Amino acid sequence: QVQLVESGGGLVQAGDSLRLSCAASGRTSRLYAMAWFRQAPGKEREFIATIDYSQTTTYYADSVKGRFAISRDNAKITVSLQMNNLKPEDTAVYYCAAVVEMTRWWTGPRVESGYDYWGQGTQVTVSS
């Protein structure tokens with residue numbers, strides 16, 4: 001099993017930056033890719049960004065491309081999300097996710113079903 005714990009959420013103003021982190025523990029040597037999703041009030045959870053183990057492949061949602069950057073530290077088994085120029089519509093609970101199988105990730109890096117493990121989420125609120 002793998003446990004994921006997010007941190008770094010908070011209340012910021014529009015235009016501010018925030019950095020989220022997710023620490024993995026347990027059988028972390030099996031993790032291939034890690035990702036961030038978010039869920040706004042009254043909406044379904046949506047894909048934000050993902051990164052593979054080698055850090056050579058990343059995908060972003062169009063809504064955050066150019067503003068958010070995903071990175072990971074394989075030595076510390078963490079994944080981070082640098083969020084710049086935040087907007088009120090970025091307000092949501094942000095979830096960290098991870099997957100073990102490479103082939104599973106490649107068939108669905110942007111969908112929830114492509115991931116095995118999930119964190120509890122961290123709240124990000126952006127005021128206008």
# chains A, B, ... in the order shown; residues from 1 in each chain; ligands from 1
$ residues_around --residues "region 27-31 of chain A" --least-positions-apart "5" --cutoff "6 Å" --atoms "only C-alpha atoms" --output "number ranges by chain"
A: 1-2, 99-100
$ write_last_selection --atoms "C-alpha atoms" --output "PDB file, in the first residue's frame"
ATOM      1  CA  GLN A   1       0.000   0.000   0.000  1.00  0.00           C
ATOM      2  CA  VAL A   2       0.947   3.608  -0.535  1.00  0.00           C
ATOM      3  CA  VAL A  99      -0.056   4.882 -10.083  1.00  0.00           C
ATOM      4  CA  VAL A 100       2.143   1.805 -10.093  1.00  0.00           C
TER       5      VAL A 100
END
$ residues_around --residues "Gly15 (chain A)" --least-positions-apart "5" --cutoff "9 Å" --atoms "only C-alpha atoms" --output "list in words"
Asn84, Asn85, Leu86, Lys87, Val126 and Ser128 of chain A
$ closest_residue --among "A:Arg45, A:Tyr117, A:Arg38, A:Tyr95" --to "Gly26 (chain A)" --atoms "only C-alpha atoms"
A:Tyr117
$ select_by_dssp --residues "chain A" --states "strand (DSSP E)" --output "PyMOL selection string"
chain A and resi 2-7+10-13+18-26+33-39+46-52+58-60+68-73+78-83+92-99+117-118+122-127
$ closest_residue --among "A:Ala40, A:Met102, A:Val93, A:Leu20" --to "Ile70 (chain A)" --atoms "only C-alpha atoms"
A:Leu20
$ closest_residue --among "A:Ala23, A:Met34, A:Ile48, A:Leu18" --to "Val124 (chain A)" --atoms "only C-alpha atoms"
A:Leu18
$ closest_residue --among "A:Phe68, A:Ser80, A:Thr57, A:Phe47" --to "Tyr115 (chain A)" --atoms "only C-alpha atoms"
A:Phe47
$ closest_residue --among "A:Thr103, A:Ser21, A:Val12, A:Pro109" --to "Thr58 (chain A)" --atoms "only C-alpha atoms"
A:Pro109
$ closest_residue --among "A:Gln39, A:Thr107, A:Ser54, A:Thr91" --to "Asp73 (chain A)" --atoms "only C-alpha atoms"
A:Ser54
$ residues_around --residues "Ala49 (chain A)" --least-positions-apart "3" --cutoff "6 Å" --atoms "only C-alpha atoms" --output "MDAnalysis selection string"
chainID A and resid 35:36 59:60
$ atom_distance --atom1 "CA of Gly119 (chain A)" --atom2 "CA of Pro41 (chain A)"
17.8 Å
$ residues_around --residues "Tyr94 (chain A)" --least-positions-apart "6" --cutoff "6 Å" --atoms "only C-alpha atoms" --output "list in words"
Phe37, Arg38, Gly121 and Thr122 of chain A
$ select_by_dssp --residues "chain A" --states "helix (DSSP H, G or I)" --output "ChimeraX atom specification"
/A:28-30,88-90,102-107,112-114
$ write_last_selection --atoms "C-alpha atoms" --output "JSON list (two decimals), in the first residue's frame"
[["chain", "number", "residue", "atom", "x", "y", "z"],
["A", 28, "THR", "CA", 6.79, 3.84, -2.79],
["A", 29, "SER", "CA", 9.41, 2.06, -4.87],
["A", 30, "ARG", "CA", 6.59, 0.82, -7.08],
["A", 88, "PRO", "CA", -10.63, 32.59, -8.12],
["A", 89, "GLU", "CA", -11.64, 29.70, -10.40],
["A", 90, "ASP", "CA", -8.65, 27.75, -9.09],
["A", 102, "MET", "CA", 3.41, 2.26, -16.45],
["A", 103, "THR", "CA", 1.05, 0.85, -19.07],
["A", 104, "ARG", "CA", -1.98, 1.87, -17.05],
["A", 105, "TRP", "CA", -0.73, 5.43, -16.84],
["A", 106, "TRP", "CA", 0.03, 5.65, -20.55],
["A", 107, "THR", "CA", -3.52, 4.61, -21.41],
["A", 112, "GLU", "CA", -9.04, 9.24, -12.36],
["A", 113, "SER", "CA", -9.16, 5.59, -13.32],
["A", 114, "GLY", "CA", -5.51, 5.80, -14.32]]
$ decode --residues "region 19-37 of chain A" --atoms "C-alpha atoms" --output "PDB file, in the first residue's frame"
ATOM      1  CA  ARG A  19       3.164  25.561  -3.768  1.00  0.00           C
ATOM      2  CA  LEU A  20       1.521  22.266  -2.926  1.00  0.00           C
ATOM      3  CA  SER A  21       3.458  19.206  -1.874  1.00  0.00           C
ATOM      4  CA  CYS A  22       2.549  15.559  -1.600  1.00  0.00           C
ATOM      5  CA  ALA A  23       4.600  13.053   0.353  1.00  0.00           C
ATOM      6  CA  ALA A  24       4.324   9.343  -0.357  1.00  0.00           C
ATOM      7  CA  SER A  25       5.030   6.577   2.114  1.00  0.00           C
ATOM      8  CA  GLY A  26       4.712   2.812   2.137  1.00  0.00           C
ATOM      9  CA  ARG A  27       5.591   0.778  -0.939  1.00  0.00           C
ATOM     10  CA  THR A  28       6.792   3.842  -2.787  1.00  0.00           C
ATOM     11  CA  SER A  29       9.414   2.061  -4.872  1.00  0.00           C
ATOM     12  CA  ARG A  30       6.591   0.824  -7.077  1.00  0.00           C
ATOM     13  CA  LEU A  31       5.254   4.239  -8.042  1.00  0.00           C
ATOM     14  CA  TYR A  32       5.550   5.112 -11.718  1.00  0.00           C
ATOM     15  CA  ALA A  33       3.642   8.355 -12.133  1.00  0.00           C
ATOM     16  CA  MET A  34       2.159  10.968  -9.831  1.00  0.00           C
ATOM     17  CA  ALA A  35      -0.467  13.572 -10.481  1.00  0.00           C
ATOM     18  CA  TRP A  36      -2.650  16.363  -9.168  1.00  0.00           C
ATOM     19  CA  PHE A  37      -6.403  16.622  -9.532  1.00  0.00           C
TER      20      PHE A  37
END
